[in-house]
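S.K.: Got a structure here, written out as structure tokens. Questions coming.
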Amino acid sequence: MNRKKYWSNKLHPIQFIALGFAVVILLGGLLLTLPVFTQSGKGTPFIDALFTATSATCVTGLTTLTTSEHWNMGGQWVILCLIEVGGLGFMMMPFIFIALMKKKVGLLTRIILQESLNLDTLSGVMRLMFYILRFALGFQLVGALLLAIDFIPSYGMSKGLWYALFHSVSAFCNAGFDLFGDSLVGFQNNAYVLLVISGLIIAGGLGFIVWRDLLNFRKTRRLSLHSKLALTVSSSLLIIGTIVFYVSEAGGQTIVGNVSALDSFVNIFFMSVTARTAGYFSVDYGSVSQAGILFTIVLMFIGGTSGSTAGGLKTTTFGVLVVQAISLLKGREHAEVFRRTIRPSIVSRALTLFFITLSLCIGVTMVMSATEILPHFRGIEYLLFETFSAFGTVGLTMGLTPNLSLIGKLLIIGLMYLGRVGVLTVGFALMMRLIKAKGGRYKLPEESVIIG
């Protein structure tokens, strides 16, 4: 079947994915406006409900309303469902329904699943979806049981189990929503909880394809180039981040309370883990040094791994750029790593993505500098932190989120959506008609340009 002809009069898979996330967000926002989901019994303004639904579906964690204070159990369940749908991909829900009904998965569904997972071929799509479902639910269940060991003695059986489930799902999906009101600041001296949450965040941020390669390594004895690059960049950023934060924050003495040396180090490590994608925090970022704030912005921009629950530029994209730079400095014509050559089209895509995303974040920051009112003791880092956190679907804030203007909220909503769905995905979805109308491809004459 001619794939191009098949999609000529239908939504392209990329358009379906972009539109699907938007529909889920809109429905979630409308649902959260209902008075039945609030503690006070009063309706929630649509812009705040939409902001919360976007943050949950795009697994960010930025909120204009305190989750534990504003939403009742029903509202928190809605948020949890949106987190799960957004983290695993909205196409997972129809897939589960089809699997339970034991119906045959058609070509349309397979193509959309392929696009949502960024796979090169349709081969093995269904097996990968079953694997993702089992792995994600299993990991979240284990995380909930581990958290319950600490939460049940502290909060009782029912509340402890609910807290364990909510924070396990939120951490694995890299969402950053919490029910404590101050994220995990109250757990500065609880290394166990911080390490369990860290493990869940790392697992969700690595990506399902990487985990499949790792779990099958004993059988296959090989890792794909994608997995090698993702593991190398992720582990390097974790180690470098821990070292940088340890030095910039004087070993944790300036940002944590009266805790042991071990707890202090765990808090520093937690900063490195959560800064790239998760949004949980155990320290007040108002007390973090300028160097620490700047490095956090860099980590938030890089984000997690492609094909994971995380957003941002992605570790593999960053890795490709680093490999290209090193290869160029070595005088090589192509990007080479792990005895493999990365396709020039991938390098070009990474460079394009880097330029567009960085320009987007800087542009939004410039607009917000005119629309938002900043406290007199805050500078431009206050806005940069917010915008890069939104695009990276991280969820960290220096306190600006609850005080955003209407324009600011809309801009942050847009950034969260683009960070989760993908700038190129949304761009291709919007320009699909233009691409189709272009017709045949041709190459224009080449000419040199002096650079550097």
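Here's how to read the names in the structure tokens: chain A, B, ... by the order shown, residue numbers from 1 in each chain, ligand numbers from 1 in the order shown.
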Give me, as number ranges by chain, all polymer residues having an atom no more than 8 Å from A:Pro344, counting only C-alpha atoms and skipping those fewer than 3 positions away in the same chain.
M.R.: A: 334-335, 347-348
S.K.: Where does stretch 310-392 of chain A meet stretch 417-422 of chain A within 10 Å, residue by residue, with the nearest atom pair and distance in Å to one decimal for each, counting only C-alpha atoms, listed by chain and rising number, as CSV?
M.R.:
```
residue,atom,partner,partner_atom,distance
A:Ala310,CA,A:Arg420,CA,7.2
A:Gly311,CA,A:Arg420,CA,5.0
A:Gly312,CA,A:Gly419,CA,5.5
A:Leu313,CA,A:Gly419,CA,8.0
A:Lys314,CA,A:Gly419,CA,9.9
A:Leu353,CA,A:Gly422,CA,9.4
A:Thr357,CA,A:Gly419,CA,8.8
A:Leu360,CA,A:Leu418,CA,10.0
A:Phe388,CA,A:Gly419,CA,9.5
A:Ser389,CA,A:Gly419,CA,9.6
A:Ala390,CA,A:Gly419,CA,7.3
A:Phe391,CA,A:Gly419,CA,4.5
A:Gly392,CA,A:Gly419,CA,5.7
```
S.K.: Could you take the residues named above and write them with all heavy atoms, as a PDB file, in the first residue's frame?
M.R.:
```pdb
ATOM      1  N   ALA A 310       9.991  11.911  29.662  1.00  0.00           N
ATOM      2  CA  ALA A 310      10.561  13.241  29.884  1.00  0.00           C
ATOM      3  C   ALA A 310      10.416  14.139  28.672  1.00  0.00           C
ATOM      4  O   ALA A 310      10.067  13.706  27.572  1.00  0.00           O
ATOM      5  CB  ALA A 310      12.032  13.115  30.273  1.00  0.00           C
ATOM      6  N   GLY A 311      10.704  15.430  28.859  1.00  0.00           N
ATOM      7  CA  GLY A 311      10.670  16.405  27.772  1.00  0.00           C
ATOM      8  C   GLY A 311      12.036  17.015  27.569  1.00  0.00           C
ATOM      9  O   GLY A 311      13.065  16.448  27.940  1.00  0.00           O
ATOM     10  N   GLY A 312      12.068  18.223  26.986  1.00  0.00           N
ATOM     11  CA  GLY A 312      13.315  18.933  26.771  1.00  0.00           C
ATOM     12  C   GLY A 312      13.947  18.623  25.426  1.00  0.00           C
ATOM     13  O   GLY A 312      13.349  17.981  24.556  1.00  0.00           O
ATOM     14  N   LEU A 313      15.187  19.080  25.258  1.00  0.00           N
ATOM     15  CA  LEU A 313      15.926  18.842  24.021  1.00  0.00           C
ATOM     16  C   LEU A 313      16.181  17.364  23.825  1.00  0.00           C
ATOM     17  O   LEU A 313      16.204  16.876  22.704  1.00  0.00           O
ATOM     18  CB  LEU A 313      17.260  19.604  24.068  1.00  0.00           C
ATOM     19  CG  LEU A 313      18.176  19.479  22.854  1.00  0.00           C
ATOM     20  CD1 LEU A 313      17.560  20.174  21.644  1.00  0.00           C
ATOM     21  CD2 LEU A 313      19.554  20.047  23.160  1.00  0.00           C
ATOM     22  N   LYS A 314      16.374  16.618  24.882  1.00  0.00           N
ATOM     23  CA  LYS A 314      16.629  15.182  24.964  1.00  0.00           C
ATOM     24  C   LYS A 314      18.133  14.907  25.019  1.00  0.00           C
ATOM     25  O   LYS A 314      18.942  15.546  24.349  1.00  0.00           O
ATOM     26  CB  LYS A 314      16.006  14.392  23.814  1.00  0.00           C
ATOM     27  CG  LYS A 314      14.484  14.549  23.707  1.00  0.00           C
ATOM     28  CD  LYS A 314      13.769  13.993  24.915  1.00  0.00           C
ATOM     29  CE  LYS A 314      12.271  13.889  24.719  1.00  0.00           C
ATOM     30  NZ  LYS A 314      11.572  15.107  24.388  1.00  0.00           N
ATOM     31  N   LEU A 353      16.820  21.208  15.776  1.00  0.00           N
ATOM     32  CA  LEU A 353      16.049  21.157  17.020  1.00  0.00           C
ATOM     33  C   LEU A 353      16.670  22.054  18.086  1.00  0.00           C
ATOM     34  O   LEU A 353      15.966  22.779  18.799  1.00  0.00           O
ATOM     35  CB  LEU A 353      15.977  19.714  17.513  1.00  0.00           C
ATOM     36  CG  LEU A 353      14.958  19.398  18.613  1.00  0.00           C
ATOM     37  CD1 LEU A 353      13.552  19.758  18.165  1.00  0.00           C
ATOM     38  CD2 LEU A 353      15.034  17.923  18.988  1.00  0.00           C
ATOM     39  N   THR A 357      14.543  25.231  19.548  1.00  0.00           N
ATOM     40  CA  THR A 357      14.129  25.191  20.954  1.00  0.00           C
ATOM     41  C   THR A 357      14.785  26.291  21.784  1.00  0.00           C
ATOM     42  O   THR A 357      14.141  26.916  22.621  1.00  0.00           O
ATOM     43  CB  THR A 357      14.457  23.821  21.566  1.00  0.00           C
ATOM     44  OG1 THR A 357      15.847  23.518  21.345  1.00  0.00           O
ATOM     45  CG2 THR A 357      13.608  22.734  20.941  1.00  0.00           C
ATOM     46  N   LEU A 360      13.181  29.516  20.850  1.00  0.00           N
ATOM     47  CA  LEU A 360      11.824  29.563  21.407  1.00  0.00           C
ATOM     48  C   LEU A 360      11.840  29.959  22.872  1.00  0.00           C
ATOM     49  O   LEU A 360      11.085  30.848  23.304  1.00  0.00           O
ATOM     50  CB  LEU A 360      11.162  28.192  21.235  1.00  0.00           C
ATOM     51  CG  LEU A 360       9.757  28.034  21.822  1.00  0.00           C
ATOM     52  CD1 LEU A 360       8.758  28.898  21.059  1.00  0.00           C
ATOM     53  CD2 LEU A 360       9.329  26.565  21.768  1.00  0.00           C
ATOM     54  N   PHE A 388      12.509  27.648  30.834  1.00  0.00           N
ATOM     55  CA  PHE A 388      13.233  26.416  30.550  1.00  0.00           C
ATOM     56  C   PHE A 388      12.643  25.241  31.332  1.00  0.00           C
ATOM     57  O   PHE A 388      12.668  24.103  30.857  1.00  0.00           O
ATOM     58  CB  PHE A 388      14.720  26.585  30.865  1.00  0.00           C
ATOM     59  CG  PHE A 388      15.485  27.270  29.776  1.00  0.00           C
ATOM     60  CD1 PHE A 388      15.647  28.647  29.774  1.00  0.00           C
ATOM     61  CD2 PHE A 388      16.022  26.546  28.731  1.00  0.00           C
ATOM     62  CE1 PHE A 388      16.343  29.287  28.754  1.00  0.00           C
ATOM     63  CE2 PHE A 388      16.723  27.167  27.706  1.00  0.00           C
ATOM     64  CZ  PHE A 388      16.883  28.550  27.715  1.00  0.00           C
ATOM     65  N   SER A 389      12.098  25.514  32.511  1.00  0.00           N
ATOM     66  CA  SER A 389      11.435  24.474  33.281  1.00  0.00           C
ATOM     67  C   SER A 389      10.180  23.990  32.567  1.00  0.00           C
ATOM     68  O   SER A 389       9.889  22.791  32.532  1.00  0.00           O
ATOM     69  CB  SER A 389      11.076  25.002  34.673  1.00  0.00           C
ATOM     70  OG  SER A 389      10.358  24.031  35.414  1.00  0.00           O
ATOM     71  N   ALA A 390       9.433  24.914  31.980  1.00  0.00           N
ATOM     72  CA  ALA A 390       8.218  24.560  31.253  1.00  0.00           C
ATOM     73  C   ALA A 390       8.544  23.775  29.990  1.00  0.00           C
ATOM     74  O   ALA A 390       7.942  22.736  29.712  1.00  0.00           O
ATOM     75  CB  ALA A 390       7.421  25.816  30.895  1.00  0.00           C
ATOM     76  N   PHE A 391       9.517  24.249  29.206  1.00  0.00           N
ATOM     77  CA  PHE A 391       9.864  23.556  27.968  1.00  0.00           C
ATOM     78  C   PHE A 391      10.445  22.167  28.253  1.00  0.00           C
ATOM     79  O   PHE A 391      10.154  21.202  27.542  1.00  0.00           O
ATOM     80  CB  PHE A 391      10.867  24.368  27.150  1.00  0.00           C
ATOM     81  CG  PHE A 391      11.412  23.597  25.981  1.00  0.00           C
ATOM     82  CD1 PHE A 391      10.624  23.382  24.862  1.00  0.00           C
ATOM     83  CD2 PHE A 391      12.694  23.064  26.015  1.00  0.00           C
ATOM     84  CE1 PHE A 391      11.109  22.631  23.802  1.00  0.00           C
ATOM     85  CE2 PHE A 391      13.183  22.327  24.953  1.00  0.00           C
ATOM     86  CZ  PHE A 391      12.388  22.113  23.842  1.00  0.00           C
ATOM     87  N   GLY A 392      11.270  22.057  29.287  1.00  0.00           N
ATOM     88  CA  GLY A 392      11.856  20.773  29.642  1.00  0.00           C
ATOM     89  C   GLY A 392      10.893  19.863  30.366  1.00  0.00           C
ATOM     90  O   GLY A 392      11.262  18.760  30.744  1.00  0.00           O
TER      91      GLY A 392
END
```
S.K.: Of the candidates A:His70, A:Ile25, A:Ala56, A:Val273, which shows the shortest atom-to-atom distance to A:Gly41, using only C-alpha atoms?
M.R.: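 Smallest distance to A:Gly41 is found for A:His70.
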S.K.: Residues within 10 Å of stretch 135-151 of chain A, please, as number ranges by chain. Count only C-alpha atoms; anything in the same chain fewer than 4 positions from it doesn't count.
M.R.: A: 84, 87-88, 129-131, 155-173, 190, 192-194, 196-197, 199-200, 203-204, 208, 211-212
S.K.: For a test of reading the model, state the distance in Å between atom CA of A:Met366 and atom CA of A:Thr387, rounded to one decimal.
M.R.: 10.2 Å
S.K.: Would you mind listing what lies within 10 Å of A:Leu31 as number ranges by chain, with only C-alpha atoms counted and same-chain residues fewer than 2 positions away left out?
M.R.: A: 25-29, 33-37, 44, 46, 49-50, 53, 75, 78
S.K.: Selected residues, C-alpha atoms, written as a PDB file, in the first residue's frame, please.
M.R.:
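Saved file result_5.pdb follows:
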```
ATOM      1  CA  ILE A  25      -5.541  18.470  27.665  1.00  0.00           C
ATOM      2  CA  LEU A  26      -8.744  20.296  26.733  1.00  0.00           C
ATOM      3  CA  LEU A  27     -10.981  17.543  28.089  1.00  0.00           C
ATOM      4  CA  GLY A  28      -8.925  17.385  31.278  1.00  0.00           C
ATOM      5  CA  GLY A  29      -9.139  21.157  31.667  1.00  0.00           C
ATOM      6  CA  THR A  33     -13.363  23.234  36.187  1.00  0.00           C
ATOM      7  CA  LEU A  34     -16.199  21.286  37.847  1.00  0.00           C
ATOM      8  CA  PRO A  35     -16.905  22.143  41.513  1.00  0.00           C
ATOM      9  CA  VAL A  36     -17.108  18.449  42.403  1.00  0.00           C
ATOM     10  CA  PHE A  37     -13.317  18.152  42.161  1.00  0.00           C
ATOM     11  CA  THR A  44     -12.043  26.403  39.187  1.00  0.00           C
ATOM     12  CA  PHE A  46     -10.831  27.612  33.217  1.00  0.00           C
ATOM     13  CA  ALA A  49      -7.851  24.198  35.205  1.00  0.00           C
ATOM     14  CA  LEU A  50      -6.334  24.212  31.706  1.00  0.00           C
ATOM     15  CA  ALA A  53      -4.403  19.720  32.886  1.00  0.00           C
ATOM     16  CA  GLY A  75      -9.558  16.026  41.450  1.00  0.00           C
ATOM     17  CA  VAL A  78      -8.177  13.150  37.518  1.00  0.00           C
TER      18      VAL A  78
END
```
